[in-house]
$ cat upload-v1.cif   # mmCIF, C-alpha atoms
data_target
#
loop_
_atom_site.label_atom_id
_atom_site.label_comp_id
_atom_site.auth_asym_id
_atom_site.auth_seq_id
_atom_site.Cartn_x
_atom_site.Cartn_y
_atom_site.Cartn_z
CA MET A 1 21.14 4.54 -16.68
CA THR A 2 21.70 0.83 -16.62
CA GLN A 3 19.99 0.31 -19.96
CA SER A 4 18.25 2.04 -22.84
CA LEU A 5 14.75 3.03 -21.81
CA PRO A 6 11.62 3.72 -23.87
CA GLY A 7 11.05 7.39 -24.59
CA GLN A 8 14.39 8.63 -23.26
CA SER A 9 17.31 8.68 -25.66
CA PRO A 10 20.88 9.66 -24.78
CA ALA A 11 20.30 12.84 -26.77
CA GLN A 12 17.31 13.75 -24.58
CA GLU A 13 19.28 13.08 -21.40
CA GLN A 14 22.11 15.26 -22.72
CA ALA A 15 19.67 18.00 -23.62
CA PHE A 16 18.25 18.11 -20.12
CA ALA A 17 21.71 17.95 -18.59
CA GLY A 18 22.81 20.80 -20.81
CA ALA A 19 19.77 22.83 -19.79
CA GLY A 20 20.83 22.34 -16.20
CA ARG A 21 17.46 21.08 -15.05
CA PRO A 22 17.82 19.15 -11.79
CA PRO A 23 16.26 15.70 -11.81
CA VAL A 24 12.87 14.74 -10.49
CA VAL A 25 13.33 12.67 -7.33
CA VAL A 26 10.93 9.78 -6.77
CA ILE A 27 11.00 8.47 -3.19
CA GLY A 28 9.80 4.89 -3.15
CA ALA A 29 10.16 1.99 -5.59
CA GLY A 30 6.92 0.09 -5.12
CA PRO A 31 4.09 -0.07 -7.69
CA TYR A 32 3.38 3.68 -7.63
CA GLY A 33 7.00 4.83 -7.53
CA LEU A 34 7.97 2.53 -10.40
CA SER A 35 4.94 3.52 -12.48
CA VAL A 36 5.52 7.25 -12.01
CA ALA A 37 9.24 6.89 -12.74
CA ALA A 38 8.49 4.91 -15.92
CA HIS A 39 6.21 7.65 -17.25
CA LEU A 40 8.63 10.43 -16.26
CA ARG A 41 11.49 8.71 -18.07
CA ALA A 42 9.33 8.07 -21.13
CA ALA A 43 8.58 11.81 -21.18
CA GLY A 44 12.32 12.44 -21.40
CA LEU A 45 12.69 13.86 -17.91
CA PRO A 46 15.80 13.27 -15.80
CA VAL A 47 14.78 11.09 -12.86
CA ARG A 48 16.44 9.58 -9.82
CA VAL A 49 14.53 6.91 -7.91
CA PHE A 50 15.43 6.09 -4.31
CA GLY A 51 14.26 3.03 -2.42
CA GLU A 52 14.33 -0.74 -2.55
CA VAL A 53 12.47 -2.21 -5.50
CA MET A 54 9.19 -3.64 -4.18
CA GLY A 55 10.65 -3.24 -0.68
CA SER A 56 7.40 -3.27 1.29
CA TRP A 57 6.14 -6.26 -0.65
CA ARG A 58 9.35 -8.09 0.18
CA HIS A 59 9.70 -7.11 3.84
CA ALA A 60 6.22 -6.23 5.14
CA MET A 61 4.32 -9.27 3.88
CA ALA A 62 4.59 -12.70 5.44
CA THR A 63 5.88 -15.55 3.29
CA GLY A 64 2.97 -17.44 1.77
CA MET A 65 0.62 -14.46 1.43
CA PHE A 66 -1.43 -13.74 -1.68
CA LEU A 67 -2.75 -10.54 -3.19
CA LYS A 68 -6.41 -9.83 -2.64
CA SER A 69 -6.62 -8.11 -6.04
CA THR A 70 -7.45 -9.98 -9.23
CA PRO A 71 -4.97 -10.07 -12.16
CA ALA A 72 -6.99 -7.45 -14.05
CA ALA A 73 -6.40 -5.00 -11.18
CA THR A 74 -2.72 -5.76 -10.62
CA ASP A 75 -0.93 -4.22 -13.61
CA LEU A 76 1.66 -1.53 -13.03
CA SER A 77 1.38 1.41 -15.42
CA ALA A 78 3.83 1.22 -18.31
CA PRO A 79 4.18 4.11 -20.78
CA GLU A 80 3.76 1.71 -23.71
CA PRO A 81 2.14 -1.70 -24.28
CA GLY A 82 3.89 -4.79 -22.97
CA GLY A 83 4.18 -4.10 -19.26
CA ARG A 84 1.23 -6.01 -17.85
CA LEU A 85 1.42 -8.88 -15.40
CA ALA A 86 0.24 -11.15 -18.21
CA ASP A 87 3.15 -9.95 -20.41
CA PHE A 88 5.61 -10.76 -17.62
CA ARG A 89 4.16 -14.25 -17.20
CA ARG A 90 4.20 -14.86 -20.95
CA GLU A 91 7.80 -13.70 -21.33
CA HIS A 92 8.89 -16.11 -18.60
CA GLY A 93 6.90 -19.04 -19.97
CA GLU A 94 4.52 -19.05 -17.01
CA PRO A 95 0.76 -19.70 -17.38
CA GLU A 96 -1.50 -16.68 -17.40
CA LEU A 97 -3.32 -16.04 -14.12
CA THR A 98 -7.10 -15.97 -14.29
CA GLU A 99 -9.67 -14.15 -12.17
CA LEU A 100 -10.01 -17.38 -10.20
CA THR A 101 -6.27 -17.60 -9.45
CA PRO A 102 -5.01 -15.89 -6.29
CA ILE A 103 -1.70 -14.14 -7.03
CA PRO A 104 1.20 -15.11 -4.73
CA CYS A 105 3.03 -12.06 -3.37
CA ASP A 106 6.36 -13.44 -4.55
CA VAL A 107 5.03 -13.50 -8.13
CA PHE A 108 4.02 -9.86 -7.81
CA VAL A 109 7.48 -8.98 -6.45
CA ARG A 110 9.17 -10.66 -9.41
CA TYR A 111 6.82 -8.81 -11.76
CA GLY A 112 7.75 -5.48 -10.17
CA GLN A 113 11.46 -6.24 -10.49
CA TRP A 114 10.99 -7.15 -14.16
CA PHE A 115 9.00 -3.94 -14.74
CA GLN A 116 11.78 -1.88 -13.13
CA LYS A 117 14.46 -3.34 -15.39
CA ARG A 118 12.29 -2.93 -18.48
CA TYR A 119 10.87 0.58 -17.95
CA VAL A 120 12.66 2.35 -15.13
CA GLY A 121 16.33 1.43 -15.11
CA GLU A 122 18.49 2.27 -12.13
CA VAL A 123 16.88 2.47 -8.70
CA GLU A 124 19.22 3.65 -5.96
CA PRO A 125 18.88 1.82 -2.62
CA THR A 126 20.20 4.88 -0.78
CA ARG A 127 17.71 6.20 1.77
CA VAL A 128 16.44 9.78 1.56
CA THR A 129 16.88 11.39 4.98
CA ALA A 130 15.69 14.94 4.30
CA VAL A 131 13.75 16.97 1.76
CA GLU A 132 13.82 20.74 2.23
CA ARG A 133 13.06 23.86 0.26
CA PRO A 134 16.06 26.10 -0.36
CA GLU A 135 15.96 29.55 1.20
CA SER A 136 15.97 31.12 -2.24
CA GLY A 137 14.90 29.79 -5.59
CA SER A 138 12.61 26.93 -6.53
CA GLY A 139 12.90 23.18 -6.27
CA PHE A 140 14.18 21.16 -3.34
CA VAL A 141 17.31 20.08 -1.55
CA VAL A 142 17.43 16.31 -1.02
CA ARG A 143 19.84 14.73 1.47
CA LEU A 144 20.79 11.05 1.43
CA ASP A 145 21.94 8.73 4.18
CA ASP A 146 25.39 8.46 2.61
CA GLY A 147 25.90 12.15 3.40
CA LYS A 148 25.42 13.40 -0.15
CA GLU A 149 23.15 16.28 -1.09
CA MET A 150 21.46 17.06 -4.38
CA ALA A 151 19.04 19.48 -5.99
CA ALA A 152 15.67 18.30 -7.28
CA SER A 153 13.28 20.14 -9.58
CA ALA A 154 10.35 18.17 -8.13
CA VAL A 155 9.80 15.43 -5.56
CA VAL A 156 7.27 12.60 -5.80
CA VAL A 157 6.49 10.84 -2.51
CA ALA A 158 5.53 7.25 -3.34
CA THR A 159 6.45 5.51 -0.10
CA GLY A 160 3.24 3.50 0.14
CA LEU A 161 2.28 2.47 3.65
CA ASN A 162 5.86 2.39 4.89
CA GLY A 163 5.97 3.89 8.39
CA LEU A 164 2.19 4.30 8.60
CA ALA A 165 1.33 1.09 10.50
CA HIS A 166 -1.30 1.73 13.18
CA ILE A 167 -1.29 -0.05 16.53
CA PRO A 168 -4.16 0.93 18.86
CA ASP A 169 -3.40 2.81 22.08
CA GLU A 170 -4.38 -0.24 24.15
CA LEU A 171 -1.47 -2.19 22.65
CA ARG A 172 1.04 0.45 21.60
CA GLN A 173 2.76 0.72 24.97
CA LEU A 174 3.90 -2.91 24.61
CA ALA A 175 5.07 -2.60 21.01
CA PRO A 176 8.80 -1.87 20.60
CA GLU A 177 9.87 0.25 17.64
CA ARG A 178 11.65 -2.71 16.01
CA PRO A 179 9.91 -5.80 17.36
CA GLY A 180 11.64 -9.16 17.23
CA PRO A 181 9.98 -12.59 17.46
CA ARG A 182 9.95 -12.41 21.28
CA ALA A 183 8.36 -8.96 21.48
CA PRO A 184 4.94 -9.00 23.18
CA VAL A 185 3.17 -6.98 20.46
CA SER A 186 3.84 -6.41 16.77
CA HIS A 187 2.05 -5.26 13.61
CA THR A 188 1.49 -7.54 10.62
CA SER A 189 3.74 -5.30 8.52
CA HIS A 190 6.69 -6.20 10.78
CA HIS A 191 6.84 -9.81 9.58
CA THR A 192 8.06 -11.88 6.68
CA ASP A 193 8.09 -15.21 8.54
CA LEU A 194 5.27 -16.15 10.89
CA SER A 195 6.65 -19.64 11.48
CA VAL A 196 8.72 -18.17 14.37
CA TYR A 197 5.51 -18.38 16.43
CA ALA A 198 5.14 -22.14 16.05
CA GLY A 199 4.02 -23.67 19.35
CA ARG A 200 3.13 -20.28 20.86
CA ARG A 201 -0.21 -18.73 21.79
CA VAL A 202 -1.01 -15.80 19.48
CA ALA A 203 -3.96 -13.42 19.49
CA VAL A 204 -4.57 -11.70 16.16
CA VAL A 205 -6.48 -8.42 16.53
CA GLY A 206 -8.48 -7.40 13.46
CA GLY A 207 -11.06 -8.75 11.04
CA GLY A 208 -9.74 -7.93 7.56
CA GLN A 209 -7.66 -9.78 5.01
CA SER A 210 -4.38 -9.20 6.84
CA ALA A 211 -5.77 -10.58 10.11
CA LEU A 212 -7.45 -13.60 8.59
CA GLU A 213 -4.59 -14.59 6.29
CA SER A 214 -2.03 -14.10 9.07
CA ALA A 215 -4.16 -16.30 11.33
CA ALA A 216 -4.27 -19.01 8.66
CA LEU A 217 -0.49 -18.88 8.21
CA LEU A 218 0.09 -18.96 11.97
CA HIS A 219 -2.18 -21.98 12.37
CA GLU A 220 -0.51 -23.77 9.47
CA ALA A 221 2.90 -23.04 11.06
CA GLY A 222 1.82 -24.70 14.31
CA ALA A 223 0.81 -21.73 16.46
CA GLU A 224 -2.18 -21.79 18.79
CA VAL A 225 -4.06 -18.83 17.34
CA GLN A 226 -7.31 -17.00 17.87
CA VAL A 227 -8.67 -13.92 16.10
CA LEU A 228 -10.40 -11.10 17.97
CA VAL A 229 -12.80 -9.24 15.69
CA ARG A 230 -14.68 -6.07 16.69
CA GLU A 231 -17.56 -6.63 14.29
CA ARG A 232 -20.39 -9.07 14.85
CA ASN A 233 -19.58 -10.98 11.67
CA VAL A 234 -16.59 -11.71 9.47
CA LEU A 235 -17.19 -10.70 5.87
CA TRP A 236 -15.91 -12.76 2.96
CA GLY A 237 -15.60 -11.90 -0.69
CA MET A 238 -17.43 -13.88 -3.33
CA PRO A 239 -15.68 -15.88 -6.06
CA PRO A 240 -15.71 -13.95 -9.36
CA ASP A 241 -18.60 -14.92 -11.59
CA LEU A 242 -17.22 -14.82 -15.10
CA ASP A 243 -20.60 -15.43 -16.75
CA ARG A 244 -22.93 -13.00 -15.00
CA PRO A 245 -26.21 -12.34 -16.85
CA TRP A 246 -26.70 -8.84 -18.23
CA SER A 247 -29.24 -7.99 -15.50
CA GLN A 248 -26.60 -8.54 -12.80
CA ARG A 249 -23.98 -6.65 -14.80
CA VAL A 250 -26.35 -3.66 -14.95
CA ALA A 251 -27.41 -3.89 -11.31
CA LYS A 252 -23.84 -4.33 -10.06
CA PRO A 253 -21.30 -3.27 -12.69
CA ALA A 254 -17.78 -4.61 -12.38
CA SER A 255 -14.76 -2.49 -11.43
CA PRO A 256 -11.12 -3.19 -10.52
CA LEU A 257 -12.15 -3.14 -6.85
CA GLY A 258 -15.32 -5.23 -7.04
CA THR A 259 -18.92 -4.93 -8.16
CA GLY A 260 -21.44 -2.17 -7.49
CA TRP A 261 -22.24 1.29 -8.80
CA VAL A 262 -20.29 3.19 -6.15
CA LEU A 263 -17.06 1.30 -6.77
CA ALA A 264 -17.57 1.42 -10.53
CA ALA A 265 -18.09 5.20 -10.42
CA VAL A 266 -15.09 6.06 -8.24
CA CYS A 267 -12.85 3.75 -10.31
CA ALA A 268 -14.06 5.13 -13.64
CA ALA A 269 -13.56 8.75 -12.56
CA PRO A 270 -11.31 9.06 -9.50
CA GLY A 271 -10.63 12.67 -10.44
CA SER A 272 -14.26 13.52 -9.72
CA VAL A 273 -13.87 12.39 -6.10
CA ARG A 274 -11.75 15.52 -5.48
CA TRP A 275 -14.86 17.64 -5.86
CA PHE A 276 -16.77 15.89 -3.08
CA PRO A 277 -16.92 17.74 0.25
CA ALA A 278 -13.99 16.77 2.46
CA ALA A 279 -16.25 14.99 4.96
CA ALA A 280 -17.79 12.89 2.16
CA ARG A 281 -14.36 11.99 0.79
CA LEU A 282 -13.13 10.87 4.20
CA LEU A 283 -16.29 8.84 4.72
CA LEU A 284 -15.75 7.16 1.35
CA PHE A 285 -12.10 6.51 2.24
CA ARG A 286 -13.01 4.93 5.59
CA ARG A 287 -16.14 3.00 4.60
CA ALA A 288 -15.55 1.81 1.03
CA LEU A 289 -14.10 -1.69 0.97
CA GLY A 290 -14.29 -2.32 4.68
CA PRO A 291 -12.54 -5.26 6.37
CA SER A 292 -13.17 -8.59 4.67
CA GLY A 293 -11.38 -11.78 3.69
CA GLY A 294 -10.66 -13.05 0.20
CA TRP A 295 -13.02 -15.76 -1.03
CA TRP A 296 -10.11 -18.14 -1.61
CA LEU A 297 -9.02 -17.84 2.04
CA ARG A 298 -12.30 -18.86 3.63
CA ASP A 299 -11.67 -22.63 3.69
CA ARG A 300 -8.39 -22.07 5.52
CA VAL A 301 -10.07 -20.11 8.33
CA GLU A 302 -13.71 -21.06 8.89
CA GLY A 303 -13.93 -24.11 11.13
CA VAL A 304 -10.12 -24.24 11.29
CA VAL A 305 -9.03 -21.14 13.21
CA ARG A 306 -10.82 -19.87 16.30
CA VAL A 307 -12.43 -16.56 15.30
CA ARG A 308 -14.22 -14.62 18.06
CA THR A 309 -16.47 -11.80 16.93
CA SER A 310 -17.81 -8.82 18.92
CA ARG A 311 -14.55 -8.74 20.86
CA ARG A 312 -12.68 -5.53 21.67
CA VAL A 313 -9.30 -5.27 23.42
CA THR A 314 -9.56 -2.67 26.18
CA GLY A 315 -6.14 -3.10 27.79
CA ALA A 316 -2.91 -5.06 27.77
CA VAL A 317 -0.22 -5.66 30.39
CA LEU A 318 2.81 -7.91 30.65
CA SER A 319 2.44 -10.97 32.86
CA GLY A 320 5.93 -12.36 33.04
CA PRO A 321 6.94 -13.28 29.48
CA ALA A 322 3.27 -13.38 28.39
CA VAL A 323 0.67 -10.71 27.63
CA ARG A 324 -2.61 -10.45 29.52
CA LEU A 325 -5.36 -8.88 27.44
CA ASP A 326 -8.52 -7.35 28.84
CA VAL A 327 -11.26 -8.12 26.33
CA ALA A 328 -14.81 -6.78 26.19
CA GLY A 329 -17.30 -9.16 24.65
CA PRO A 330 -20.93 -9.08 23.53
CA GLY A 331 -23.39 -7.79 26.08
CA GLY A 332 -20.63 -6.02 28.02
CA GLU A 333 -19.09 -9.20 29.38
CA ARG A 334 -15.37 -9.03 30.16
CA GLU A 335 -12.62 -11.60 30.21
CA SER A 336 -8.88 -11.82 30.73
CA LEU A 337 -6.93 -13.59 28.00
CA THR A 338 -3.28 -14.64 28.33
CA VAL A 339 -1.18 -15.18 25.21
CA ASP A 340 2.50 -15.24 24.25
CA HIS A 341 2.15 -12.66 21.49
CA VAL A 342 -0.37 -10.16 20.13
CA LEU A 343 -0.35 -9.54 16.37
CA ALA A 344 -2.07 -6.29 15.47
CA ALA A 345 -3.71 -6.49 12.06
CA THR A 346 -5.15 -3.05 12.66
CA GLY A 347 -4.38 -1.27 9.42
CA TYR A 348 -2.62 1.99 8.71
CA ARG A 349 -3.09 5.65 9.55
CA LEU A 350 -2.29 8.31 6.95
CA ASP A 351 -0.20 10.97 8.65
CA LEU A 352 2.28 13.40 7.11
CA ASP A 353 4.11 13.52 10.43
CA ALA A 354 5.06 9.87 9.90
CA LEU A 355 7.23 10.92 6.95
CA PRO A 356 10.38 12.01 8.81
CA PHE A 357 12.33 12.77 5.63
CA LEU A 358 10.09 15.79 4.97
CA SER A 359 11.47 18.70 6.96
CA PRO A 360 9.19 20.10 9.69
CA ALA A 361 8.88 23.36 7.74
CA LEU A 362 7.86 21.47 4.61
CA ARG A 363 5.27 19.39 6.48
CA ARG A 364 3.79 22.55 7.95
CA ALA A 365 3.55 24.08 4.48
CA VAL A 366 1.54 21.15 3.08
CA GLU A 367 -2.18 21.78 3.38
CA CYS A 368 -4.12 18.75 4.63
CA VAL A 369 -7.57 17.37 3.97
CA PRO A 370 -9.79 18.85 6.71
CA GLY A 371 -10.22 16.34 9.50
CA SER A 372 -7.10 14.37 8.63
CA ARG A 373 -3.32 14.51 8.30
CA ALA A 374 -3.40 13.43 4.65
CA PRO A 375 -2.21 15.96 2.04
CA ALA A 376 -4.75 17.98 0.09
CA LEU A 377 -3.88 17.54 -3.58
CA ARG A 378 -4.69 19.18 -6.89
CA GLY A 379 -5.92 17.13 -9.83
CA THR A 380 -2.28 16.68 -10.84
CA PHE A 381 -1.41 15.10 -7.45
CA GLU A 382 0.61 18.21 -6.61
CA SER A 383 0.33 19.45 -3.02
CA SER A 384 0.07 23.05 -1.87
CA VAL A 385 3.88 23.14 -2.07
CA PRO A 386 4.72 23.59 -5.77
CA GLY A 387 6.66 20.64 -7.13
CA LEU A 388 5.86 18.29 -4.23
CA TYR A 389 3.61 15.40 -5.25
CA PHE A 390 2.04 12.54 -3.27
CA THR A 391 0.65 9.33 -4.71
CA GLY A 392 -0.60 5.92 -3.64
CA SER A 393 -2.43 5.54 -0.34
CA LEU A 394 -1.59 9.08 0.78
CA ALA A 395 -3.68 10.31 -2.15
CA ALA A 396 -6.72 8.13 -1.36
CA PRO A 397 -8.53 10.74 0.78
CA MET A 398 -8.49 13.00 -2.29
CA PHE A 399 -9.05 10.57 -5.18
CA GLY A 400 -10.90 7.68 -3.57
CA PRO A 401 -10.22 4.04 -2.70
CA MET A 402 -8.60 3.09 -6.02
CA MET A 403 -5.43 4.85 -4.84
CA ARG A 404 -5.09 2.22 -2.11
CA PHE A 405 -4.57 -0.45 -4.77
CA VAL A 406 -2.27 -1.12 -7.72
CA ALA A 407 -5.22 -0.40 -10.02
CA GLY A 408 -4.70 3.34 -9.45
CA THR A 409 -1.14 3.48 -10.78
CA ARG A 410 -2.03 4.53 -14.32
CA PHE A 411 -4.37 7.35 -13.28
CA ALA A 412 -1.68 8.78 -10.98
CA ALA A 413 1.41 8.21 -13.12
CA VAL A 414 -0.01 9.77 -16.27
CA ARG A 415 -1.16 12.92 -14.49
CA ILE A 416 2.00 13.42 -12.47
CA ALA A 417 4.29 12.93 -15.47
CA ARG A 418 2.22 15.26 -17.65
CA HIS A 419 2.22 18.02 -15.05
CA VAL A 420 5.92 17.73 -14.20
CA ARG A 421 6.76 17.79 -17.91
CA SER A 422 4.79 21.01 -18.45
CA SER A 423 6.02 22.78 -15.31
#
$ encode --input "upload-v1.cif" --output "structure tokens"
Amino acid sequence: MTQSLPGQSPAQEQAFAGAGRPPVVVIGAGPYGLSVAAHLRAAGLPVRVFGEVMGSWRHAMATGMFLKSTPAATDLSAPEPGGRLADFRREHGEPELTELTPIPCDVFVRYGQWFQKRYVGEVEPTRVTAVERPESGSGFVVRLDDGKEMAASAVVVATGLNGLAHIPDELRQLAPERPGPRAPVSHTSHHTDLSVYAGRRVAVVGGGQSALESAALLHEAGAEVQVLVRERNVLWGMPPDLDRPWSQRVAKPASPLGTGWVLAAVCAAPGSVRWFPAAARLLLFRRALGPSGGWWLRDRVEGVVRVRTSRRVTGAVLSGPAVRLDVAGPGGERESLTVDHVLAATGYRLDLDALPFLSPALRRAVECVPGSRAPALRGTFESSVPGLYFTGSLAAPMFGPMMRFVAGTRFAAVRIARHVRSS
């Protein structure tokens, strides 16, 4: 360890080492990976965490982006008081963020790095290349990209949305695996700097926060941008009302994800979502919190960026260095649109097969939610393979939409740590 950590003394580490218990391996060092690791360490368990601290937030978010979540829904889960975003801001002499203050992504990254040093300790940047079950015995064999191999008593997959970016079939054929600034098609998660498109024609495909904020950043960087939205209207969030009358609070109770009884219920008791029929859970996963833009973004888009609704891309081909899009519009009308780049803000697809570090045999052994390729999980976040846990977005089809956001870290971390400790 790089420092003394709460709940894990040198004597406890020695005791576990003497007992010969292999460590728990946490794959991923974003909000969920850090939160789970913090609770595991506080429980006195030997842990090794692999990944880059807040890696996706550093490399899959464009410079200048903000979180859509409010400060009250952005705390990582610490095993003791003092680990909230507000505590981080106070310790660094920075003003507390209010519900009316959008949170810059770089602030959230710094908060995660502070949390890691305070509650987690060492995070190893080495990449996990393989997780397998040994032919005999329990636990796992974990292989690293430096050629080393180790035993693990349990494995927690907390890789977030890394590797799960979805580009529609109509565009995928033009999207290279590692797109550069001159590639014809890319996904929003491929970028940290959208200013490389200054002076170029860019079509953004999508109608959610990622599409709308990317479009604003592109416009502000000097690109000629238009947004193609499938739906008939763009939806925008409403500014938080901090003084709602009691009648509104009863009619639409508040939750970390917004107002309304459905959101309040699934946030108050995400464990109960597991008992819904699989089809109902998937419907909740797909429909709750549909595409929309943050209230604070609206003035940077409406009347500023060209947003075209009821537009669907039906095909794309290269036309010299440019891309020609076939677009279906309202009433069945069709048009051809030529741009220099297409930015797909088309979300993510949960798919176990997109986790190449899990061996094929292990992926086959993981039972999935019927109708999807997301893992079916017990109430402890353990999969059908004993000792293999999934958290974050991959757990959302089982526990509901809160697992797609930082607000779900405490629910997941507490249950995983408790179960691993007792196993």
$ residues_around --input "upload-v1.cif" --residues "range 291-308 of chain A" --least-positions-apart "6" --cutoff "8 Å" --atoms "all atoms listed in the file" --output "list in words"
Lys68, Pro102, Gly207, Gly208, Gln209, Leu212, Glu213, Ala215, Ala216, His219, Val225, Gln226, Val227, Leu228, Val229, Val234, Leu235, Trp236, Gly237, Met238 and Pro239 of chain A
$ atom_distance --input "upload-v1.cif" --atom1 "CA of Pro95 in chain A" --atom2 "CA of Ala73 in chain A"
17.5 Å
$ residues_around --input "upload-v1.cif" --residues "Arg143 in chain A" --least-positions-apart "5" --cutoff "8 Å" --atoms "all atoms listed in the file" --output "list in words"
Val128, Thr129, Ala130, Val131, Lys148, Glu149 and Met150 of chain A
$ residues_near_point --input "upload-v1.cif" --point "(10.6, -2.9, -9.0)" --cutoff "10 Å" --atoms "all atoms listed in the file" --output "JSON, numbers by chain"
{"A": [28, 29, 30, 31, 32, 33, 34, 35, 51, 52, 53, 54, 55, 76, 108, 109, 110, 111, 112, 113, 114, 115, 116, 117, 118, 119, 120, 121, 122, 123]}
$ residues_around --input "upload-v1.cif" --residues "range 330-338 of chain A" --least-positions-apart "4" --cutoff "9 Å" --atoms "only C-alpha atoms" --output "list in words"
Arg201, Ala203, Arg232, Thr309, Ser310, Arg311, Ser319, Ala322, Val323, Arg324, Leu325 and Asp326 of chain A
$ residues_around --input "upload-v1.cif" --residues "Ala269 in chain A" --least-positions-apart "2" --cutoff "10 Å" --atoms "all atoms listed in the file" --output "PDB file with C-alpha atoms, keeping the file's coordinate frame"
ATOM      1  CA  ALA A 264     -17.570   1.420 -10.530  1.00  0.00           C
ATOM      2  CA  ALA A 265     -18.090   5.200 -10.420  1.00  0.00           C
ATOM      3  CA  VAL A 266     -15.090   6.060  -8.240  1.00  0.00           C
ATOM      4  CA  CYS A 267     -12.850   3.750 -10.310  1.00  0.00           C
ATOM      5  CA  GLY A 271     -10.630  12.670 -10.440  1.00  0.00           C
ATOM      6  CA  SER A 272     -14.260  13.520  -9.720  1.00  0.00           C
ATOM      7  CA  VAL A 273     -13.870  12.390  -6.100  1.00  0.00           C
ATOM      8  CA  ARG A 274     -11.750  15.520  -5.480  1.00  0.00           C
ATOM      9  CA  PHE A 399      -9.050  10.570  -5.180  1.00  0.00           C
ATOM     10  CA  GLY A 400     -10.900   7.680  -3.570  1.00  0.00           C
ATOM     11  CA  MET A 402      -8.600   3.090  -6.020  1.00  0.00           C
ATOM     12  CA  PHE A 411      -4.370   7.350 -13.280  1.00  0.00           C
TER      13      PHE A 411
END
$ closest_residue --input "upload-v1.cif" --among "A:Ala365, A:Val36, A:Val339, A:Leu377" --to "Pro321 in chain A" --atoms "all atoms listed in the file"
A:Val339
$ resolve_selection --input "upload-v1.cif" --expression "the PyMOL selection byres ((chain A and resi 26) around 6)" --output "ChimeraX atom specification"
/A:25,27,49,155-156
$ atom_distance --input "upload-v1.cif" --atom1 "CA of Arg58 in chain A" --atom2 "CA of Gly160 in chain A"
13.1 Å
$ resolve_selection --input "upload-v1.cif" --expression "the PyMOL selection byres ((chain A and resi 401) around 9)" --output "list in words"
Leu257, Leu263, Val266, Cys267, Pro270, Leu284, Phe285, Arg286, Ala288, Leu289, Ser393, Ala396, Pro397, Phe399, Gly400, Met402, Met403, Arg404, Phe405 and Gly408 of chain A
$ atom_distance --input "upload-v1.cif" --atom1 "CA of Leu45 in chain A" --atom2 "CA of Pro134 in chain A"
21.7 Å
$ resolve_selection --input "upload-v1.cif" --expression "the PyMOL selection byres ((chain A and resi 97) around 12)" --output "PyMOL selection string"
chain A and resi 69-74+84-90+94-96+98-104+107-108
$ write_last_selection --input "upload-v1.cif" --atoms "C-alpha atoms" --output "PDB file, in the frame of the given file"
ATOM      1  CA  SER A  69      -6.620  -8.110  -6.040  1.00  0.00           C
ATOM      2  CA  THR A  70      -7.450  -9.980  -9.230  1.00  0.00           C
ATOM      3  CA  PRO A  71      -4.970 -10.070 -12.160  1.00  0.00           C
ATOM      4  CA  ALA A  72      -6.990  -7.450 -14.050  1.00  0.00           C
ATOM      5  CA  ALA A  73      -6.400  -5.000 -11.180  1.00  0.00           C
ATOM      6  CA  THR A  74      -2.720  -5.760 -10.620  1.00  0.00           C
ATOM      7  CA  ARG A  84       1.230  -6.010 -17.850  1.00  0.00           C
ATOM      8  CA  LEU A  85       1.420  -8.880 -15.400  1.00  0.00           C
ATOM      9  CA  ALA A  86       0.240 -11.150 -18.210  1.00  0.00           C
ATOM     10  CA  ASP A  87       3.150  -9.950 -20.410  1.00  0.00           C
ATOM     11  CA  PHE A  88       5.610 -10.760 -17.620  1.00  0.00           C
ATOM     12  CA  ARG A  89       4.160 -14.250 -17.200  1.00  0.00           C
ATOM     13  CA  ARG A  90       4.200 -14.860 -20.950  1.00  0.00           C
ATOM     14  CA  GLU A  94       4.520 -19.050 -17.010  1.00  0.00           C
ATOM     15  CA  PRO A  95       0.760 -19.700 -17.380  1.00  0.00           C
ATOM     16  CA  GLU A  96      -1.500 -16.680 -17.400  1.00  0.00           C
ATOM     17  CA  THR A  98      -7.100 -15.970 -14.290  1.00  0.00           C
ATOM     18  CA  GLU A  99      -9.670 -14.150 -12.170  1.00  0.00           C
ATOM     19  CA  LEU A 100     -10.010 -17.380 -10.200  1.00  0.00           C
ATOM     20  CA  THR A 101      -6.270 -17.600  -9.450  1.00  0.00           C
ATOM     21  CA  PRO A 102      -5.010 -15.890  -6.290  1.00  0.00           C
ATOM     22  CA  ILE A 103      -1.700 -14.140  -7.030  1.00  0.00           C
ATOM     23  CA  PRO A 104       1.200 -15.110  -4.730  1.00  0.00           C
ATOM     24  CA  VAL A 107       5.030 -13.500  -8.130  1.00  0.00           C
ATOM     25  CA  PHE A 108       4.020  -9.860  -7.810  1.00  0.00           C
TER      26      PHE A 108
END
$ closest_residue --input "upload-v1.cif" --among "A:Ala78, A:Ala60, A:Val313, A:Val366" --to "Gly206 in chain A" --atoms "all atoms listed in the file"
A:Val313
$ closest_residue --input "upload-v1.cif" --among "A:Pro386, A:Gly82, A:Pro181, A:Pro375" --to "Asp351 in chain A" --atoms "all atoms listed in the file"
A:Pro375
